[in-house]
Amino acid sequence: MDILHKDATSSSSSTSCFSHFCSSALRAKTLKSSSADASGEGLIRRLSVFDLLLLGVGASIGAGIFVVTGTVARDAGPGVTICFILAGASCVLNALCYAELASMFPAVVGGAYLYAYTAFNEITAFLVFMQLMLDYHIGAASIARSLASYVATIFELIPALKGKIPPWVGHGGQELFGGTLSINILAPILLALLTIILCLGVKESSAVNSFMTTTKVVIVIFVIIAGSFKVDVDNWSPFAPNGFKEILTGATVVFFAYVGFDAVANSAEESKRPQRDLPIGILGSLLVCVVLYIAVCLVITGMVPYNMLGEDAPLAEAFTSKGLKYVSILISIGAVAGLTTTLLVGLYVQSRLYLGLGRDGLLPSIFAKVHPKRHTPVHSQVWVGIIAAVLGGLFNVHVLSHILSVGSLTGYSVVAACVVTLRWKKRTENQDSSKCMATWCEGVIWIVVLACCGFATGVLYRVGASFIYMIVALVIAILACVALCCRQAYSEAPGFSCPWVPIVPSVCIFFNIFLFAQLHYEAWIRFVILSLVSVAIYAFYGQYHANPSSDETIIYHMVPEEDRH
């Protein structure tokens, strides 16, 4: 009898634990209109619309504008311009989704994590956070190493230091234990300096970002103007020497050159007029990047025949070949400015995401603390700085570059899905709850079908399968989009409105997952493993420490009425 009783107790306990896990995981945030400012924790609204524009440009344009344009042009030819146009158009669609949600949730930090928490549930939001954060951590360490290398190169312009800076200071790193460790001391030093600047306050860090971004953009514009006088239009023919497939492949590569505009959404609590300025910052910064990238593509492919472009520094080599070596020095300075702003904004975004999870209880409360005078999440900021410094100082994280971009594509896809589902919620709030849930679940199923079709199309394209199979997957995706249009009712967004919902978000989801299928297979493995680890962390910590209110939903205040217009 005792054994039977113990078995029954154990079974009941297991059922209770699973039931608690499910109820916790399926919790969602609700918005509550309020005249109170949601930033009572200590963040302060200092960022103007111009600051937000520079924040987005600073995050998106790094040293890649001087490199990726030329490397892709080697395969796509002058058609690399079309690559950037296609990728830019896709990013604009994603930016429209971000802009709507940033306008809908303008009073609190969180970005894609917050949107997923409100539109879906707690576990989905935590998964999005974990995927994004691994990208951010590895990306920050990798950028810090690249920045250290450029800084060392500039120091070597001094005759006394030329060729005398050892690898362990800035160039790559000093490998130990068969390459297991790769020591680089300059990367952690640069990370420490940027972390201190960010801890001083958003006003100070914004000033540094504005200066460096302005410097970078001015150099890019100068490079474009100087190069335009050396353009030979005959170099633009043939425009697509390797066919349209290489242009499409190139578009999937250069898509990631635009990643960064979403950083603006994470500055919600520090924007002066968030509902108006956030959409402007997101879309405006992206459009600036599109114009600059296209102009650089036209210049570099016009200066030198595409098949003669270098691999490591194509733009600098193009100017050197035309007798404009001084421009190469400017390009190095621009690269330093670009990498600095990309790293600065990346560290900034990470700390705000940690702040959001600390407030929600999904991470320890220390991450939710804000300095009373500096109005910055100092603990979160120092933490992300330490993680990046350890990775950048001890490991050659460049070898992990092929598993990056998973977080960005996951975040973009979830944000697009959030736009669709939140439009349903607003229309179905007053309907019968069971009917509402059935309609919601049906809509989610169509979104999943759409994503699966995007992945299938991407895999088929990658392996060179028959075009017929890709057409079948595309037709199914179109039918799923039609079902979303016809089977669901949609309301208007309260602020900035993404046009043609659900068509635009559906295109975003399909193309983002198509790109996901183009990533290295190790990136797919990373996605699965990190998702399992995230669920385990949530099961052992998050579900027990999340701080729902009395009605079992976490309340987030909307922006004050006076700030909405």
# chains A, B, ... in the order shown; residues from 1 in each chain; ligands from 1
call {"tool": "residues_around", "arguments": {"residues": "A:Ile85", "least_positions_apart": "3", "cutoff": "9 Å", "atoms": "only C-alpha atoms", "output": "list of chain:residue names"}}
result
A:Val80, A:Thr81, A:Ile82, A:Gly88, A:Ala89, A:Ser90, A:Ala251, A:Val290, A:Tyr293, A:Ile294
call {"tool": "write_last_selection", "arguments": {"atoms": "all heavy atoms", "output": "PDB file, in the first residue's frame"}}
result
ATOM      1  N   VAL A  80      25.481  43.438 -58.068  1.00  0.00           N
ATOM      2  CA  VAL A  80      25.473  43.529 -56.612  1.00  0.00           C
ATOM      3  C   VAL A  80      24.564  44.664 -56.154  1.00  0.00           C
ATOM      4  O   VAL A  80      23.991  44.623 -55.055  1.00  0.00           O
ATOM      5  CB  VAL A  80      26.911  43.730 -56.079  1.00  0.00           C
ATOM      6  CG1 VAL A  80      27.476  45.082 -56.516  1.00  0.00           C
ATOM      7  CG2 VAL A  80      26.949  43.606 -54.567  1.00  0.00           C
ATOM      8  N   THR A  81      24.396  45.671 -57.027  1.00  0.00           N
ATOM      9  CA  THR A  81      23.478  46.765 -56.709  1.00  0.00           C
ATOM     10  C   THR A  81      22.063  46.233 -56.528  1.00  0.00           C
ATOM     11  O   THR A  81      21.341  46.623 -55.596  1.00  0.00           O
ATOM     12  CB  THR A  81      23.488  47.818 -57.838  1.00  0.00           C
ATOM     13  OG1 THR A  81      24.834  48.238 -58.054  1.00  0.00           O
ATOM     14  CG2 THR A  81      22.643  49.018 -57.468  1.00  0.00           C
ATOM     15  N   ILE A  82      21.660  45.297 -57.408  1.00  0.00           N
ATOM     16  CA  ILE A  82      20.332  44.692 -57.292  1.00  0.00           C
ATOM     17  C   ILE A  82      20.251  43.847 -56.026  1.00  0.00           C
ATOM     18  O   ILE A  82      19.201  43.785 -55.382  1.00  0.00           O
ATOM     19  CB  ILE A  82      20.015  43.834 -58.535  1.00  0.00           C
ATOM     20  CG1 ILE A  82      20.155  44.671 -59.813  1.00  0.00           C
ATOM     21  CG2 ILE A  82      18.603  43.254 -58.444  1.00  0.00           C
ATOM     22  CD1 ILE A  82      19.228  45.863 -59.872  1.00  0.00           C
ATOM     23  N   GLY A  88      17.469  45.239 -49.258  1.00  0.00           N
ATOM     24  CA  GLY A  88      16.957  46.444 -48.615  1.00  0.00           C
ATOM     25  C   GLY A  88      15.445  46.480 -48.597  1.00  0.00           C
ATOM     26  O   GLY A  88      14.822  46.859 -47.599  1.00  0.00           O
ATOM     27  N   ALA A  89      14.827  46.053 -49.714  1.00  0.00           N
ATOM     28  CA  ALA A  89      13.358  46.024 -49.779  1.00  0.00           C
ATOM     29  C   ALA A  89      12.798  45.049 -48.750  1.00  0.00           C
ATOM     30  O   ALA A  89      11.791  45.339 -48.074  1.00  0.00           O
ATOM     31  CB  ALA A  89      12.908  45.628 -51.184  1.00  0.00           C
ATOM     32  N   SER A  90      13.456  43.893 -48.613  1.00  0.00           N
ATOM     33  CA  SER A  90      13.015  42.917 -47.622  1.00  0.00           C
ATOM     34  C   SER A  90      13.138  43.480 -46.208  1.00  0.00           C
ATOM     35  O   SER A  90      12.236  43.313 -45.374  1.00  0.00           O
ATOM     36  CB  SER A  90      13.855  41.639 -47.742  1.00  0.00           C
ATOM     37  OG  SER A  90      13.543  40.740 -46.708  1.00  0.00           O
ATOM     38  N   ALA A 251      21.851  38.504 -52.573  1.00  0.00           N
ATOM     39  CA  ALA A 251      20.864  39.213 -51.746  1.00  0.00           C
ATOM     40  C   ALA A 251      20.722  38.548 -50.380  1.00  0.00           C
ATOM     41  O   ALA A 251      20.553  39.228 -49.360  1.00  0.00           O
ATOM     42  CB  ALA A 251      19.522  39.264 -52.457  1.00  0.00           C
ATOM     43  N   VAL A 290      20.294  51.939 -46.908  1.00  0.00           N
ATOM     44  CA  VAL A 290      20.043  51.422 -48.259  1.00  0.00           C
ATOM     45  C   VAL A 290      20.687  52.323 -49.304  1.00  0.00           C
ATOM     46  O   VAL A 290      21.372  51.859 -50.229  1.00  0.00           O
ATOM     47  CB  VAL A 290      18.518  51.299 -48.518  1.00  0.00           C
ATOM     48  CG1 VAL A 290      18.254  50.983 -49.991  1.00  0.00           C
ATOM     49  CG2 VAL A 290      17.911  50.214 -47.638  1.00  0.00           C
ATOM     50  N   TYR A 293      24.614  52.047 -49.144  1.00  0.00           N
ATOM     51  CA  TYR A 293      25.102  50.774 -49.678  1.00  0.00           C
ATOM     52  C   TYR A 293      25.010  50.737 -51.205  1.00  0.00           C
ATOM     53  O   TYR A 293      25.956  50.300 -51.890  1.00  0.00           O
ATOM     54  CB  TYR A 293      24.300  49.607 -49.089  1.00  0.00           C
ATOM     55  CG  TYR A 293      24.839  49.082 -47.785  1.00  0.00           C
ATOM     56  CD1 TYR A 293      24.068  49.106 -46.626  1.00  0.00           C
ATOM     57  CD2 TYR A 293      26.117  48.542 -47.702  1.00  0.00           C
ATOM     58  CE1 TYR A 293      24.550  48.611 -45.421  1.00  0.00           C
ATOM     59  CE2 TYR A 293      26.611  48.049 -46.499  1.00  0.00           C
ATOM     60  CZ  TYR A 293      25.825  48.086 -45.367  1.00  0.00           C
ATOM     61  OH  TYR A 293      26.317  47.604 -44.177  1.00  0.00           O
ATOM     62  N   ILE A 294      23.888  51.173 -51.760  1.00  0.00           N
ATOM     63  CA  ILE A 294      23.708  51.150 -53.220  1.00  0.00           C
ATOM     64  C   ILE A 294      24.725  52.063 -53.893  1.00  0.00           C
ATOM     65  O   ILE A 294      25.315  51.710 -54.929  1.00  0.00           O
ATOM     66  CB  ILE A 294      22.263  51.553 -53.584  1.00  0.00           C
ATOM     67  CG1 ILE A 294      21.287  50.459 -53.130  1.00  0.00           C
ATOM     68  CG2 ILE A 294      22.122  51.802 -55.089  1.00  0.00           C
ATOM     69  CD1 ILE A 294      19.829  50.833 -53.291  1.00  0.00           C
TER      70      ILE A 294
END
call {"tool": "residues_around", "arguments": {"residues": "A:Ala265", "least_positions_apart": "2", "cutoff": "12 Å", "atoms": "only C-alpha atoms", "output": "ChimeraX atom specification"}}
result
/A:52-53,55-56,95-115,260-263,267-271,274-275,277-283,285,345,348-349,352-353,415
call {"tool": "closest_residue", "arguments": {"among": "A:Ile61, A:Val507, A:Val406, A:Ile44", "to": "A:Thr342", "atoms": "only C-alpha atoms"}}
result
A:Ile61
call {"tool": "atom_distance", "arguments": {"atom1": "atom CA of A:Asn547", "atom2": "atom CA of A:Thr118"}}
result
14.7 Å
call {"tool": "residues_around", "arguments": {"residues": "A:Tyr461", "least_positions_apart": "3", "cutoff": "10 Å", "atoms": "only C-alpha atoms", "output": "list in words"}}
result
Lys245, Thr249, Phe455, Ala456, Thr457, Gly458, Gly464, Ala465, Ser466, Phe467, Tyr469, Met470, Phe514, Ala517 and Gln518 of chain A
call {"tool": "closest_residue", "arguments": {"among": "A:Ala295, A:Val501, A:Ala388, A:Cys453", "to": "A:Leu479", "atoms": "only C-alpha atoms"}}
result
A:Cys453
call {"tool": "closest_residue", "arguments": {"among": "A:Tyr521, A:Phe126, A:Phe18, A:Phe50", "to": "A:Gly542", "atoms": "only C-alpha atoms"}}
result
A:Phe126
call {"tool": "residues_around", "arguments": {"residues": "stretch 196-199 of chain A", "least_positions_apart": "2", "cutoff": "8 Å", "atoms": "only C-alpha atoms", "output": "number ranges by chain"}}
result
A: 192-194, 201-202, 204-205, 344, 348, 374, 376-378, 381-382
call {"tool": "atom_distance", "arguments": {"atom1": "atom CA of A:Leu43", "atom2": "atom CA of A:Ile189"}}
result
26.8 Å
call {"tool": "closest_residue", "arguments": {"among": "A:Val419, A:Val220, A:Leu362, A:Val128", "to": "A:Cys498", "atoms": "only C-alpha atoms"}}
result
A:Val419
call {"tool": "residues_around", "arguments": {"residues": "A:Leu355", "least_positions_apart": "2", "cutoff": "9 Å", "atoms": "only C-alpha atoms", "output": "ChimeraX atom specification"}}
result
/A:109-110,350-353,357-360,363,365-370,377,380
call {"tool": "write_last_selection", "arguments": {"atoms": "C-alpha atoms", "output": "mmCIF file, in the first residue's frame"}}
result
data_model
loop_
_atom_site.group_PDB
_atom_site.id
_atom_site.type_symbol
_atom_site.label_atom_id
_atom_site.label_comp_id
_atom_site.auth_asym_id
_atom_site.auth_seq_id
_atom_site.Cartn_x
_atom_site.Cartn_y
_atom_site.Cartn_z
ATOM 1 C CA VAL A 109 12.160 48.338 -23.246
ATOM 2 C CA GLY A 110 12.208 44.843 -24.657
ATOM 3 C CA GLN A 350 21.958 43.908 -24.725
ATOM 4 C CA SER A 351 21.751 45.748 -21.420
ATOM 5 C CA ARG A 352 18.205 46.936 -22.142
ATOM 6 C CA LEU A 353 17.091 43.406 -22.961
ATOM 7 C CA LEU A 357 13.918 40.246 -18.285
ATOM 8 C CA GLY A 358 15.190 41.282 -14.862
ATOM 9 C CA ARG A 359 12.022 43.310 -14.324
ATOM 10 C CA ASP A 360 9.859 40.382 -15.404
ATOM 11 C CA LEU A 363 16.396 36.643 -14.817
ATOM 12 C CA SER A 365 16.467 40.964 -10.092
ATOM 13 C CA ILE A 366 19.976 42.468 -10.086
ATOM 14 C CA PHE A 367 19.586 42.961 -13.852
ATOM 15 C CA ALA A 368 16.554 45.171 -13.204
ATOM 16 C CA LYS A 369 18.450 47.697 -11.078
ATOM 17 C CA VAL A 370 18.953 51.169 -12.552
ATOM 18 C CA PRO A 377 21.123 49.654 -15.894
ATOM 19 C CA SER A 380 23.295 44.688 -16.826
#
call {"tool": "select_by_dssp", "arguments": {"residues": "stretch 111-304 of chain A", "states": "alpha helix (DSSP H)", "output": "ChimeraX atom specification"}}
result
/A:112-119,122-155,186-200,202-228,244-254,274-303
call {"tool": "write_last_selection", "arguments": {"atoms": "C-alpha atoms", "output": "short mmCIF file (atom, residue, chain, number, x, y, z; two decimals), in the first residue's frame"}}
result
data_model
loop_
_atom_site.label_atom_id
_atom_site.label_comp_id
_atom_site.auth_asym_id
_atom_site.auth_seq_id
_atom_site.Cartn_x
_atom_site.Cartn_y
_atom_site.Cartn_z
CA ALA A 112 11.20 41.57 -30.01
CA TYR A 113 11.17 39.93 -26.56
CA LEU A 114 8.43 42.26 -25.32
CA TYR A 115 6.39 41.91 -28.50
CA ALA A 116 6.52 38.11 -28.33
CA TYR A 117 5.56 38.18 -24.64
CA THR A 118 2.47 40.25 -25.42
CA ALA A 119 1.38 38.57 -28.65
CA GLU A 122 6.21 33.72 -21.78
CA ILE A 123 8.16 30.75 -23.14
CA THR A 124 8.16 32.12 -26.70
CA ALA A 125 9.48 35.45 -25.44
CA PHE A 126 12.25 33.73 -23.46
CA LEU A 127 13.26 31.64 -26.49
CA VAL A 128 13.47 34.78 -28.63
CA PHE A 129 15.62 36.47 -25.97
CA MET A 130 18.04 33.55 -25.77
CA GLN A 131 18.46 33.31 -29.55
CA LEU A 132 19.03 37.06 -29.83
CA MET A 133 21.39 37.20 -26.90
CA LEU A 134 23.76 34.51 -28.19
CA ASP A 135 24.01 36.46 -31.45
CA TYR A 136 24.68 39.66 -29.52
CA HIS A 137 27.32 38.14 -27.21
CA ILE A 138 29.32 36.40 -29.95
CA GLY A 139 28.81 39.33 -32.32
CA ALA A 140 30.12 41.85 -29.78
CA ALA A 141 33.23 39.78 -29.11
CA SER A 142 33.85 39.31 -32.85
CA ILE A 143 33.40 43.02 -33.59
CA ALA A 144 35.71 43.92 -30.69
CA ARG A 145 38.45 41.76 -32.23
CA SER A 146 37.97 43.35 -35.63
CA LEU A 147 38.05 46.80 -34.06
CA ALA A 148 41.26 45.91 -32.19
CA SER A 149 42.85 44.86 -35.47
CA TYR A 150 41.90 48.13 -37.20
CA VAL A 151 43.12 50.19 -34.24
CA ALA A 152 46.44 48.32 -34.29
CA THR A 153 46.72 49.00 -38.03
CA ILE A 154 46.22 52.72 -37.46
CA PHE A 155 48.85 52.72 -34.69
CA LEU A 186 43.24 45.16 -26.90
CA ALA A 187 39.70 43.86 -27.50
CA PRO A 188 38.82 43.71 -23.76
CA ILE A 189 40.37 47.16 -23.24
CA LEU A 190 38.18 48.65 -25.98
CA LEU A 191 35.13 46.87 -24.56
CA ALA A 192 35.89 48.24 -21.10
CA LEU A 193 36.10 51.79 -22.44
CA LEU A 194 32.77 51.50 -24.27
CA THR A 195 31.13 49.90 -21.24
CA ILE A 196 32.27 52.81 -19.05
CA ILE A 197 30.84 55.28 -21.57
CA LEU A 198 27.50 53.43 -21.57
CA CYS A 199 27.44 53.34 -17.75
CA LEU A 200 27.93 57.12 -17.58
CA VAL A 202 22.49 57.59 -22.29
CA LYS A 203 23.29 61.26 -22.96
CA GLU A 204 27.03 60.61 -22.94
CA SER A 205 26.86 57.37 -24.95
CA SER A 206 24.49 58.98 -27.45
CA ALA A 207 26.94 61.85 -27.93
CA VAL A 208 29.78 59.40 -28.65
CA ASN A 209 27.58 57.43 -31.05
CA SER A 210 26.44 60.60 -32.82
CA PHE A 211 30.04 61.81 -33.30
CA MET A 212 31.35 58.46 -34.54
CA THR A 213 28.34 57.80 -36.78
CA THR A 214 28.57 61.27 -38.31
CA THR A 215 32.29 60.71 -38.93
CA LYS A 216 31.56 57.36 -40.55
CA VAL A 217 28.79 58.70 -42.81
CA VAL A 218 30.88 61.70 -43.87
CA ILE A 219 33.75 59.39 -44.84
CA VAL A 220 31.39 57.10 -46.77
CA ILE A 221 29.94 60.08 -48.65
CA PHE A 222 33.45 61.36 -49.41
CA VAL A 223 34.45 57.91 -50.68
CA ILE A 224 31.36 57.85 -52.91
CA ILE A 225 32.07 61.31 -54.33
CA ALA A 226 35.80 60.68 -54.82
CA GLY A 227 35.14 57.33 -56.44
CA SER A 228 32.45 58.65 -58.77
CA PHE A 244 20.05 36.05 -61.72
CA LYS A 245 20.71 33.13 -59.36
CA GLU A 246 23.99 34.71 -58.22
CA ILE A 247 22.15 37.99 -57.64
CA LEU A 248 19.55 36.21 -55.51
CA THR A 249 22.27 34.36 -53.60
CA GLY A 250 24.07 37.66 -53.10
CA ALA A 251 20.86 39.21 -51.75
CA THR A 252 20.70 36.51 -49.07
CA VAL A 253 24.28 37.38 -48.07
CA VAL A 254 23.97 41.17 -47.99
CA PRO A 274 8.48 57.36 -28.52
CA GLN A 275 5.22 56.81 -30.40
CA ARG A 276 6.15 59.35 -33.07
CA ASP A 277 9.94 59.04 -33.08
CA LEU A 278 10.51 55.28 -32.91
CA PRO A 279 8.93 54.49 -36.33
CA ILE A 280 10.84 57.43 -37.85
CA GLY A 281 14.09 56.21 -36.31
CA ILE A 282 13.59 52.61 -37.48
CA LEU A 283 12.53 53.35 -41.06
CA GLY A 284 14.66 56.46 -41.52
CA SER A 285 17.92 54.82 -40.42
CA LEU A 286 17.26 51.83 -42.68
CA LEU A 287 16.57 54.00 -45.73
CA VAL A 288 19.81 55.94 -45.12
CA CYS A 289 21.71 52.64 -45.04
CA VAL A 290 20.04 51.42 -48.26
CA VAL A 291 21.04 54.59 -50.14
CA LEU A 292 24.66 54.47 -48.88
CA TYR A 293 25.10 50.77 -49.68
CA ILE A 294 23.71 51.15 -53.22
CA ALA A 295 25.91 54.18 -53.90
CA VAL A 296 29.04 52.34 -52.71
CA CYS A 297 28.12 49.36 -54.93
CA LEU A 298 27.80 51.57 -58.00
CA VAL A 299 31.12 53.25 -57.30
CA ILE A 300 33.19 50.14 -56.59
CA THR A 301 31.88 48.18 -59.60
CA GLY A 302 32.35 51.24 -61.81
CA MET A 303 35.93 51.89 -60.71
#
call {"tool": "atom_distance", "arguments": {"atom1": "atom CA of A:Gly443", "atom2": "atom CA of A:Ser534"}}
result
25.6 Å
call {"tool": "residues_around", "arguments": {"residues": "stretch 308-323 of chain A", "least_positions_apart": "5", "cutoff": "7 Å", "atoms": "only C-alpha atoms", "output": "list in words"}}
result
Phe66, Val67, Gly70, Thr71, Arg74, Ile300, Met303, Ser328 and Ile331 of chain A
call {"tool": "select_by_dssp", "arguments": {"residues": "stretch 85-324 of chain A", "states": "strand (DSSP E)", "output": "CSV table (one decimal) with C-alpha atoms, in the first residue's frame"}}
result
chain,number,residue,atom,x,y,z
A,174,GLN,CA,48.2,34.7,-29.8
A,175,GLU,CA,47.0,31.1,-30.0
A,176,LEU,CA,47.7,28.8,-27.1
A,181,LEU,CA,42.7,29.9,-26.6
A,182,SER,CA,43.5,33.0,-28.6
A,183,ILE,CA,44.8,35.9,-26.5
call {"tool": "decode", "arguments": {"residues": "stretch 306-384 of chain A", "atoms": "C-alpha atoms", "output": "mmCIF file, in the first residue's frame"}}
result
data_model
loop_
_atom_site.group_PDB
_atom_site.id
_atom_site.type_symbol
_atom_site.label_atom_id
_atom_site.label_comp_id
_atom_site.auth_asym_id
_atom_site.auth_seq_id
_atom_site.Cartn_x
_atom_site.Cartn_y
_atom_site.Cartn_z
ATOM 1 C CA TYR A 306 34.204 43.089 -60.862
ATOM 2 C CA ASN A 307 36.542 40.144 -61.487
ATOM 3 C CA MET A 308 39.558 42.214 -60.423
ATOM 4 C CA LEU A 309 38.226 43.198 -56.997
ATOM 5 C CA GLY A 310 40.274 42.080 -53.987
ATOM 6 C CA GLU A 311 38.920 39.763 -51.290
ATOM 7 C CA ASP A 312 40.037 41.297 -47.995
ATOM 8 C CA ALA A 313 39.791 45.047 -48.675
ATOM 9 C CA PRO A 314 38.176 45.456 -52.108
ATOM 10 C CA LEU A 315 37.209 49.115 -51.783
ATOM 11 C CA ALA A 316 40.584 50.216 -50.399
ATOM 12 C CA GLU A 317 42.397 48.264 -53.118
ATOM 13 C CA ALA A 318 40.180 49.811 -55.797
ATOM 14 C CA PHE A 319 41.187 53.320 -54.724
ATOM 15 C CA THR A 320 44.845 52.342 -54.433
ATOM 16 C CA SER A 321 44.758 51.035 -58.001
ATOM 17 C CA LYS A 322 43.528 54.453 -59.131
ATOM 18 C CA GLY A 323 46.341 56.297 -57.349
ATOM 19 C CA LEU A 324 44.152 57.445 -54.442
ATOM 20 C CA LYS A 325 46.002 55.730 -51.609
ATOM 21 C CA TYR A 326 45.056 58.445 -49.114
ATOM 22 C CA VAL A 327 41.438 57.316 -49.457
ATOM 23 C CA SER A 328 42.511 53.916 -48.101
ATOM 24 C CA ILE A 329 43.575 55.631 -44.883
ATOM 25 C CA LEU A 330 40.186 57.347 -44.678
ATOM 26 C CA ILE A 331 38.521 53.979 -45.202
ATOM 27 C CA SER A 332 40.467 52.567 -42.231
ATOM 28 C CA ILE A 333 39.330 55.489 -40.076
ATOM 29 C CA GLY A 334 35.768 54.992 -41.296
ATOM 30 C CA ALA A 335 36.018 51.293 -40.464
ATOM 31 C CA VAL A 336 37.138 52.117 -36.910
ATOM 32 C CA ALA A 337 34.234 54.553 -36.511
ATOM 33 C CA GLY A 338 31.812 52.021 -37.995
ATOM 34 C CA LEU A 339 32.914 49.155 -35.792
ATOM 35 C CA THR A 340 32.893 51.412 -32.717
ATOM 36 C CA THR A 341 29.288 52.487 -33.218
ATOM 37 C CA THR A 342 28.144 48.954 -34.075
ATOM 38 C CA LEU A 343 29.776 47.652 -30.892
ATOM 39 C CA LEU A 344 28.515 50.544 -28.763
ATOM 40 C CA VAL A 345 24.905 50.122 -29.880
ATOM 41 C CA GLY A 346 25.128 46.340 -29.576
ATOM 42 C CA LEU A 347 26.236 46.569 -25.940
ATOM 43 C CA TYR A 348 23.517 49.168 -25.299
ATOM 44 C CA VAL A 349 20.769 46.926 -26.704
ATOM 45 C CA GLN A 350 21.958 43.908 -24.725
ATOM 46 C CA SER A 351 21.751 45.748 -21.420
ATOM 47 C CA ARG A 352 18.205 46.936 -22.142
ATOM 48 C CA LEU A 353 17.091 43.406 -22.961
ATOM 49 C CA TYR A 354 18.584 42.120 -19.712
ATOM 50 C CA LEU A 355 16.829 44.976 -17.920
ATOM 51 C CA GLY A 356 13.478 43.866 -19.353
ATOM 52 C CA LEU A 357 13.918 40.246 -18.285
ATOM 53 C CA GLY A 358 15.190 41.282 -14.862
ATOM 54 C CA ARG A 359 12.022 43.310 -14.324
ATOM 55 C CA ASP A 360 9.859 40.382 -15.404
ATOM 56 C CA GLY A 361 11.647 37.977 -13.056
ATOM 57 C CA LEU A 362 12.857 35.689 -15.837
ATOM 58 C CA LEU A 363 16.396 36.643 -14.817
ATOM 59 C CA PRO A 364 17.728 37.611 -11.342
ATOM 60 C CA SER A 365 16.467 40.964 -10.092
ATOM 61 C CA ILE A 366 19.976 42.468 -10.086
ATOM 62 C CA PHE A 367 19.586 42.961 -13.852
ATOM 63 C CA ALA A 368 16.554 45.171 -13.204
ATOM 64 C CA LYS A 369 18.450 47.697 -11.078
ATOM 65 C CA VAL A 370 18.953 51.169 -12.552
ATOM 66 C CA HIS A 371 21.526 53.628 -11.211
ATOM 67 C CA PRO A 372 19.635 56.437 -9.402
ATOM 68 C CA LYS A 373 21.865 59.210 -10.785
ATOM 69 C CA ARG A 374 23.124 57.888 -14.111
ATOM 70 C CA HIS A 375 19.722 56.398 -15.052
ATOM 71 C CA THR A 376 21.357 53.390 -16.712
ATOM 72 C CA PRO A 377 21.123 49.654 -15.894
ATOM 73 C CA VAL A 378 24.719 49.540 -14.667
ATOM 74 C CA HIS A 379 24.663 45.914 -13.507
ATOM 75 C CA SER A 380 23.295 44.688 -16.826
ATOM 76 C CA GLN A 381 25.734 46.893 -18.722
ATOM 77 C CA VAL A 382 28.755 45.625 -16.810
ATOM 78 C CA TRP A 383 27.571 42.033 -17.212
ATOM 79 C CA VAL A 384 27.324 42.218 -21.018
#
